[in-house]
Every structure is written in structure tokens, then in C-alpha cells.
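Text of upload-v2.txt (compact mmCIF, C-alpha atoms) as supplied:
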# COMPACT_ATOMS: atom_id res chain seq x y z
CA MET W 7 121.25 163.42 151.04
CA THR W 8 118.45 163.70 148.47
CA LYS W 9 115.54 166.09 149.00
CA ILE W 10 111.90 166.08 147.91
CA ILE W 11 109.93 169.33 147.85
CA VAL W 12 106.19 169.56 148.54
CA ALA W 13 104.22 172.63 147.45
CA ILE W 14 101.85 173.39 150.33
CA ASP W 15 98.87 175.75 150.58
CA PHE W 16 97.21 173.75 153.39
CA SER W 17 94.27 172.73 151.23
CA ASP W 18 93.11 169.13 151.54
CA CYS W 19 94.62 168.54 148.12
CA SER W 20 98.08 169.74 149.11
CA ILE W 21 98.00 167.80 152.38
CA ASN W 22 97.11 164.73 150.33
CA ALA W 23 100.15 165.45 148.13
CA PHE W 24 102.29 165.77 151.26
CA ILE W 25 101.24 162.31 152.51
CA HIS W 26 102.07 160.87 149.09
CA ALA W 27 105.46 162.60 149.15
CA LEU W 28 106.11 161.28 152.65
CA SER W 29 105.66 157.73 151.38
CA ILE W 30 108.10 158.38 148.52
CA ALA W 31 110.62 159.95 150.91
CA GLN W 32 110.41 156.89 153.15
CA HIS W 33 111.25 154.55 150.27
CA CYS W 34 113.95 156.82 148.82
CA SER W 35 115.52 157.78 152.18
CA SER W 36 115.08 161.44 151.26
CA ASP W 37 114.57 164.60 153.30
CA LEU W 38 111.17 166.27 152.87
CA HIS W 39 111.06 170.06 152.39
CA LEU W 40 107.70 171.86 152.56
CA VAL W 41 107.30 175.19 150.76
CA TRP W 42 104.56 177.80 151.16
CA VAL W 43 104.57 180.95 149.02
CA GLU W 44 102.91 184.19 150.03
CA LYS W 45 102.18 186.92 147.55
CA PRO W 46 104.15 190.20 147.80
CA LEU W 47 102.58 192.60 150.28
CA SER W 48 100.90 195.81 149.21
CA GLU W 49 101.92 199.01 150.91
CA LYS W 50 98.57 199.00 152.72
CA ASP W 51 99.18 195.48 154.03
CA LYS W 52 102.63 196.45 155.21
CA PHE W 53 101.27 199.52 156.97
CA GLU W 54 98.42 197.68 158.63
CA LYS W 55 100.53 194.55 159.27
CA GLN W 56 97.64 192.39 158.14
CA TYR W 57 100.05 189.69 157.06
CA ASP W 58 101.32 188.90 160.54
CA SER W 59 98.39 186.64 161.43
CA ALA W 60 98.63 184.56 158.21
CA ALA W 61 102.39 184.13 158.54
CA GLN W 62 102.04 182.97 162.12
CA ASP W 63 99.28 180.55 161.15
CA VAL W 64 101.52 179.09 158.45
CA LYS W 65 104.43 178.58 160.84
CA LYS W 66 102.12 177.03 163.41
CA GLN W 67 100.69 174.57 160.91
CA PHE W 68 104.14 173.63 159.66
CA ASP W 69 105.36 173.04 163.20
CA GLU W 70 102.33 170.84 163.91
CA MET W 71 102.88 168.83 160.70
CA ILE W 72 106.54 168.23 161.53
CA LEU W 73 105.72 167.24 165.11
CA ARG W 74 103.14 164.74 163.84
CA TYR W 75 104.96 163.24 160.87
CA GLN W 76 108.69 163.44 161.64
CA PRO W 77 108.59 160.10 163.53
CA GLU W 78 107.47 158.46 160.25
CA LEU W 79 110.69 159.55 158.52
CA PRO W 80 113.48 158.34 160.82
CA GLY W 81 116.96 159.11 159.61
CA ASN W 82 115.74 162.01 157.46
CA LYS W 83 114.40 165.47 158.16
CA ILE W 84 111.14 167.30 157.46
CA THR W 85 111.76 171.02 157.09
CA TYR W 86 109.85 174.00 155.70
CA LYS W 87 110.44 177.30 153.96
CA ILE W 88 108.21 180.36 153.51
CA ARG W 89 108.95 182.30 150.33
CA THR W 90 107.45 185.48 148.89
CA GLY W 91 106.69 186.02 145.23
CA THR W 92 105.06 184.23 142.30
CA VAL W 93 104.11 180.73 143.38
CA TYR W 94 105.49 178.60 140.55
CA LYS W 95 108.67 180.68 140.26
CA GLU W 96 109.41 180.41 143.97
CA ILE W 97 108.76 176.66 144.03
CA ALA W 98 111.14 176.26 141.07
CA LYS W 99 113.77 178.46 142.74
CA GLU W 100 113.58 176.47 145.96
CA ALA W 101 113.93 173.22 144.02
CA LYS W 102 117.01 174.61 142.28
CA ASP W 103 118.53 176.08 145.46
CA THR W 104 118.13 172.83 147.40
CA LYS W 105 119.05 170.55 144.46
CA ALA W 106 115.79 168.66 144.96
CA ILE W 107 115.30 165.43 143.02
CA LEU W 108 111.52 165.78 142.93
CA VAL W 109 108.65 168.23 143.51
CA VAL W 110 105.22 166.97 144.57
CA ALA W 111 102.12 169.17 144.19
CA GLY W 112 98.35 168.85 144.27
CA THR W 113 96.37 169.89 141.21
CA HIS W 114 93.37 171.56 142.83
CA GLY W 115 91.92 172.38 146.20
CA ALA W 116 90.94 175.19 148.52
CA SER W 117 92.49 176.45 151.73
CA GLY W 118 91.54 178.59 154.69
CA PHE W 119 93.92 181.34 153.68
CA GLU W 120 93.23 184.37 151.52
CA GLU W 121 93.66 182.45 148.27
CA PHE W 122 94.55 178.89 147.34
CA TRP W 123 97.14 178.46 144.67
CA ILE W 124 98.11 174.85 144.15
CA GLY W 125 95.47 174.10 141.53
CA SER W 126 95.99 177.14 139.36
CA ASN W 127 99.78 176.79 139.46
CA ALA W 128 100.20 173.03 139.00
CA ASN W 129 101.00 173.14 135.28
CA LYS W 130 103.27 176.15 135.75
CA ILE W 131 105.17 174.32 138.49
CA VAL W 132 105.60 171.35 136.13
CA SER W 133 106.95 173.65 133.40
CA ALA W 134 109.26 175.72 135.62
CA ALA W 135 110.72 173.13 137.99
CA PRO W 136 114.32 172.03 137.29
CA CYS W 137 113.53 168.46 138.35
CA PRO W 138 110.73 165.91 137.86
CA VAL W 139 107.31 166.81 139.29
CA ILE W 140 104.55 164.54 140.54
CA THR W 141 101.08 166.09 140.42
CA ILE W 142 98.20 164.55 142.35
CA ARG W 143 94.53 165.37 142.03
CA ALA W 144 92.29 165.53 145.07
CA GLY W 145 90.70 162.24 146.06
CA ILE W 146 93.68 160.05 145.11
CA ASN W 147 94.06 157.11 147.49
CA ILE W 148 97.41 157.98 149.07
CA MET W 149 97.33 154.92 151.31
CA ARG W 150 98.33 152.61 148.44
CA PRO W 151 102.09 152.13 148.05
CA LEU W 152 103.62 152.83 144.64
CA LYS W 153 103.49 149.41 142.98
CA LYS W 154 102.66 149.89 139.30
CA ILE W 155 103.93 152.63 136.95
CA VAL W 156 102.74 153.20 133.37
CA MET W 157 105.49 154.60 131.14
CA PRO W 158 104.20 155.37 127.62
CA ILE W 159 106.59 155.29 124.68
CA ASP W 160 105.90 157.38 121.58
CA ARG W 161 107.88 157.92 118.35
CA THR W 162 109.97 160.87 119.62
CA ILE W 163 113.58 160.39 120.58
CA GLU W 164 113.05 162.16 123.93
CA THR W 165 110.50 159.59 125.08
CA ARG W 166 113.26 157.29 126.37
CA GLN W 167 114.59 159.87 128.83
CA LYS W 168 111.85 158.93 131.30
CA ALA W 169 113.50 155.57 131.85
CA THR W 170 116.18 156.52 134.38
CA PHE W 171 114.10 158.41 136.94
CA THR W 172 111.10 156.13 136.44
CA GLY W 173 113.36 153.12 136.96
CA TYR W 174 114.86 154.75 140.06
CA LEU W 175 111.43 155.13 141.66
CA ALA W 176 110.45 151.62 140.62
CA ARG W 177 113.53 150.08 142.25
CA LYS W 178 113.07 152.04 145.45
CA HIS W 179 109.43 150.93 145.72
CA ASP W 180 109.88 147.44 144.28
CA ALA W 181 107.30 148.54 141.71
CA GLU W 182 106.56 147.19 138.23
CA VAL W 183 106.84 149.44 135.18
CA HIS W 184 104.52 148.89 132.22
CA ILE W 185 106.37 150.01 129.07
CA LEU W 186 103.37 151.07 126.97
CA SER W 187 104.04 151.50 123.23
CA LEU W 188 101.53 153.96 121.75
CA TYR W 189 100.82 153.74 118.02
CA THR W 190 99.14 156.81 116.57
CA SER W 191 99.82 155.94 112.93
CA LYS W 192 99.67 152.97 110.57
CA VAL W 193 102.91 154.09 108.90
CA LYS W 194 105.40 151.26 109.40
CA ALA W 195 108.44 153.51 109.76
CA LEU W 196 106.81 155.43 112.62
CA ARG W 197 105.67 152.28 114.36
CA ARG W 198 109.18 150.87 113.97
CA ASP W 199 110.59 153.88 115.83
CA VAL W 200 108.22 153.22 118.73
CA ASN W 201 109.26 149.57 118.82
CA ILE W 202 112.96 150.44 118.75
CA TYR W 203 112.65 152.92 121.61
CA ALA W 204 110.55 150.51 123.68
CA GLY W 205 113.17 147.80 123.10
CA GLN W 206 115.96 150.12 124.24
CA VAL W 207 114.06 150.93 127.43
CA GLU W 208 113.44 147.22 128.00
CA LEU W 209 117.16 146.50 127.70
CA TYR W 210 117.97 149.32 130.13
CA PHE W 211 115.50 147.99 132.70
CA GLN W 212 116.97 144.51 132.35
CA GLN W 213 120.44 145.89 133.04
CA GLU W 214 119.22 147.92 136.03
CA GLY W 215 117.11 145.17 137.58
CA VAL W 216 113.78 146.98 137.14
CA ASN W 217 110.63 144.84 137.09
CA TYR W 218 108.64 145.54 133.92
CA GLN W 219 106.00 144.40 131.46
CA MET W 220 105.59 145.25 127.78
CA ALA W 221 102.26 146.41 126.32
CA PHE W 222 100.95 148.37 123.32
CA MET W 223 97.88 150.34 122.27
CA GLU W 224 96.49 151.81 119.06
CA CYS W 225 95.20 155.30 119.80
CA ASP W 226 94.20 158.72 118.52
CA ASN W 227 94.63 160.68 121.73
CA ILE W 228 97.72 159.55 123.64
CA SER W 229 96.62 161.16 126.89
CA ASP W 230 93.27 159.36 126.91
CA ALA W 231 94.93 156.09 125.91
CA MET W 232 97.49 155.97 128.69
CA ILE W 233 94.97 157.07 131.33
CA GLU W 234 92.61 154.32 130.12
CA TYR W 235 95.42 151.75 130.32
CA ALA W 236 96.53 152.94 133.76
CA LYS W 237 92.98 152.65 135.10
CA LYS W 238 92.55 149.20 133.56
CA THR W 239 95.75 147.89 135.13
CA ASP W 240 95.16 149.64 138.49
CA ALA W 241 98.41 151.61 138.17
CA ASN W 242 99.18 154.37 140.66
CA LEU W 243 101.63 156.48 138.66
CA ILE W 244 101.92 157.61 135.01
CA SER W 245 105.33 158.78 133.80
CA ILE W 246 105.35 161.29 130.92
CA MET W 247 107.66 163.72 129.16
CA THR W 248 106.79 167.40 128.93
CA GLU W 249 107.90 169.36 125.89
CA GLN W 250 108.09 172.99 124.81
CA GLU W 251 105.28 174.21 122.57
CA SER W 252 107.84 175.13 119.90
CA LYS W 253 108.67 171.47 119.24
CA THR W 254 105.75 170.96 116.87
CA SER W 255 106.93 167.51 115.81
CA ASN W 256 106.69 166.14 119.32
CA LEU W 257 103.62 164.21 120.45
CA TRP W 258 104.29 165.24 124.04
CA MET W 259 103.66 168.93 123.44
CA GLY W 260 102.12 171.04 126.16
CA THR W 261 98.60 170.19 125.03
CA TYR W 262 98.93 166.48 125.79
CA ALA W 263 101.01 166.93 128.92
CA HIS W 264 98.61 169.52 130.33
CA GLN W 265 95.63 167.37 129.46
CA THR W 266 97.17 164.47 131.35
CA VAL W 267 98.06 166.53 134.42
CA ASN W 268 94.63 168.16 134.51
CA HIS W 269 92.48 165.08 133.92
CA SER W 270 94.34 162.02 135.14
CA PRO W 271 92.73 160.40 138.19
CA ILE W 272 96.15 158.83 138.78
CA PRO W 273 99.28 160.72 139.94
CA VAL W 274 101.41 161.95 137.05
CA LEU W 275 105.22 162.11 136.99
CA SER W 276 106.34 164.80 134.52
CA ILE W 277 109.93 164.94 133.27
CA HIS W 278 111.51 167.56 131.02
CA SER W 279 113.48 166.37 128.03
CA LYS W 280 116.22 168.88 128.79
CA GLU W 281 117.06 166.89 131.93
CA THR W 282 119.57 164.08 131.37
CA TYR W 283 118.16 161.35 133.57
CA ALA W 284 119.46 158.54 131.39
CA VAL W 285 123.18 159.12 131.92
CA GLY W 286 124.98 155.92 131.07
CA ALA W 287 121.96 154.44 129.34
CA GLY W 288 122.83 155.84 125.93
CA PHE W 289 119.53 157.72 125.58
Starting from the file, lay out its structure as C-alpha cells.
Amino acid sequence: MTKIIVAIDFSDCSINAFIHALSIAQHCSSDLHLVWVEKPLSEKDKFEKQYDSAAQDVKKQFDEMILRYQPELPGNKITYKIRTGTVYKEIAKEAKDTKAILVVAGTHGASGFEEFWIGSNANKIVSAAPCPVITIRAGINIMRPLKKIVMPIDRTIETRQKATFTGYLARKHDAEVHILSLYTSKVKALRRDVNIYAGQVELYFQQEGVNYQMAFMECDNISDAMIEYAKKTDANLISIMTEQESKTSNLWMGTYAHQTVNHSPIPVLSIHSKETYAVGAGF
């Protein structure tokens, strides 16, 4: 049974992310696992037991959420876990421990507890998680089903690795993927690489029965370009690769990935190149 994790701090933003994750879990027949992280207690807090009230409030809210939403996920379970430690590290550990296929998190918000943490930890969760992560900014219309996904293709060899998981979500939602070739140079050899990789993804989607369209854009800033295209086509997910800062030749370095996560008005699916999501596809 597959599992999807939702990072929860009970802000409006994280509840919005939960509703989005619930929709994905319904289509993917996955369990939904909610995770709240409390910071380590100081000796004073332990002595005064000031944490008891917050912990009880968290459990109460989780119980209420499960009571309300479990009927919308028949055949699968909604569960929760309270962890203590550094937020992004604990979310990543829980994803690893439960073999989750996806983490969903909001990118900013505020809660009624001592401190909200989703917003400030969103990029760290993306970097640390062992599986793909969908980040969602506050105000996203979560009532729309996932129907159109923008998947940009650049000139790096890793860019194709998005195809398997993106295609998986597309099939489960009967969604259409827009394979968007991004040209940042007039150099023919570099543009040829983009075309080759886009063609390989197209062939893979044909073999897997994924609905798709081909498109291209000339651009200077790849983050701005794909957000512009996604808005123009009314897409409701952008699929990107995230890379380590040390890979200076890669267009999807942290700067672009972070810019996209922080500024996209559309949910962003981030996938690490170290993950082998294209097994069998030859990527």
C-alpha cells in the first residue's frame, strides 16, 4: 500500500495542502499520513509541563480531521504521527521510515501554536525528503482536480528523470502533461540536446499511455518561463528537478528550484535527480 505524507502545522496553508493531498490519495489509492513536529523541550518546559496543552491540542485536531475526512478515503487510512526535533529532518525521516511515495507541504502560513513552521521549512523539506515533494502556496484553489501538468525539459541529462513519477500522477488523474522544451541559448548543439531529451520523454509517454502535448519557449529565466506558461495554459502542477548547488553546470540548481517553489502560484512537484524514477525507461 502506498503512502503520502502531509506536513501539518494547522495553519490555513497546511490544511490547504492536506486537502490537496487527500485528492491525490483518492486518485492513487494511497494511505494519508499526517505529521506534526514539535521542537525539543527546554528543561524549564519539562519542569513546568507547559507542553502538555499543545500536545493535547494537536492530538485533538488530528482526531477531528480523521473523523471528518476518513469517509472521503474509503479503502485507505488516514493516520498521524507527532515527532520531536528539527522540522525538515523529522519530515524526511518519517518519509523514509514509512517508504512514502510523496510528501505534500504548504509554503507559508501561520498557526495558533507557538510558532508556525511550514513556510520557513518548505525548501528544506524539498531538499531533505527521500521522495518527491509537492509544495503548495496559500490561496491555491484545491477544489480543481489535477488535470494539466507542465513538465519543463532543459539541456541537462537529469531533466528526463521527472518523466516516470510525473507520468504516474498523470495516469492516475487522467491528466495531460505539457512537455515544455526550454531554450536558453542559440547554440545549436545545446538546443539539439533539449530536443533529444524531449523526444525521449515523448516516446516514453507514448509507451506508457500518458496524455501529452509538446511545446517550447525561448527564455532567459527558466523559472519565470515555466510559471508564465503554466499560468497561460491554466495548469495546476509544475514538475521540476532539484539539484545540488555543487552541480554548477546544471540549470536546475538550487537557485532556480527555490525560486520556483517560493514564487509559483501553482503547486510544484520537486524531484531529486538521485532518485531513479525512470526505471525501465532508459533515462
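Each of W:Ile228, W:Ala98, W:Val41, W:Ile107 was checked against W:Tyr86 using only C-alpha atoms; the smallest atom-to-atom distance is that of W:Val41.
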Between atom CA of W:Ile25 and atom CA of W:Leu108, distance in Å (one decimal): 14.5 Å
Any idea what the distance is between atom CA of W:Gly205 and atom CA of W:Leu186?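 About the pair atom CA of W:Gly205 and atom CA of W:Leu186: they are 11.0 Å apart.
Surrounding stretch 12-16 of chain W within 6 Å are W:Ser20, W:Leu40, W:Val41, W:Trp42, W:Val109, W:Val110, W:Ala111, W:Ser117, with only C-alpha atoms counted and residues fewer than 2 positions along the same chain left out.
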Could you tell me how far atom CA of W:Thr90 sits from atom CA of W:Glu44, in Å to one decimal place? 4.9 Å
Counting all atoms listed in the file, which residues have an atom no more than 12 Å from (93.7, 160.0, 117.7) in the file's coordinates? Please list them as a list of chain:residue names.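 Protein and nucleic acid residues near the point are W:Leu188, W:Tyr189, W:Thr190, W:Ser191, W:Lys192, W:Met223, W:Glu224, W:Cys225, W:Asp226, W:Asn227, W:Ile228, W:Ser229, W:Asp230, W:Ala231, W:Leu257, W:Tyr262.
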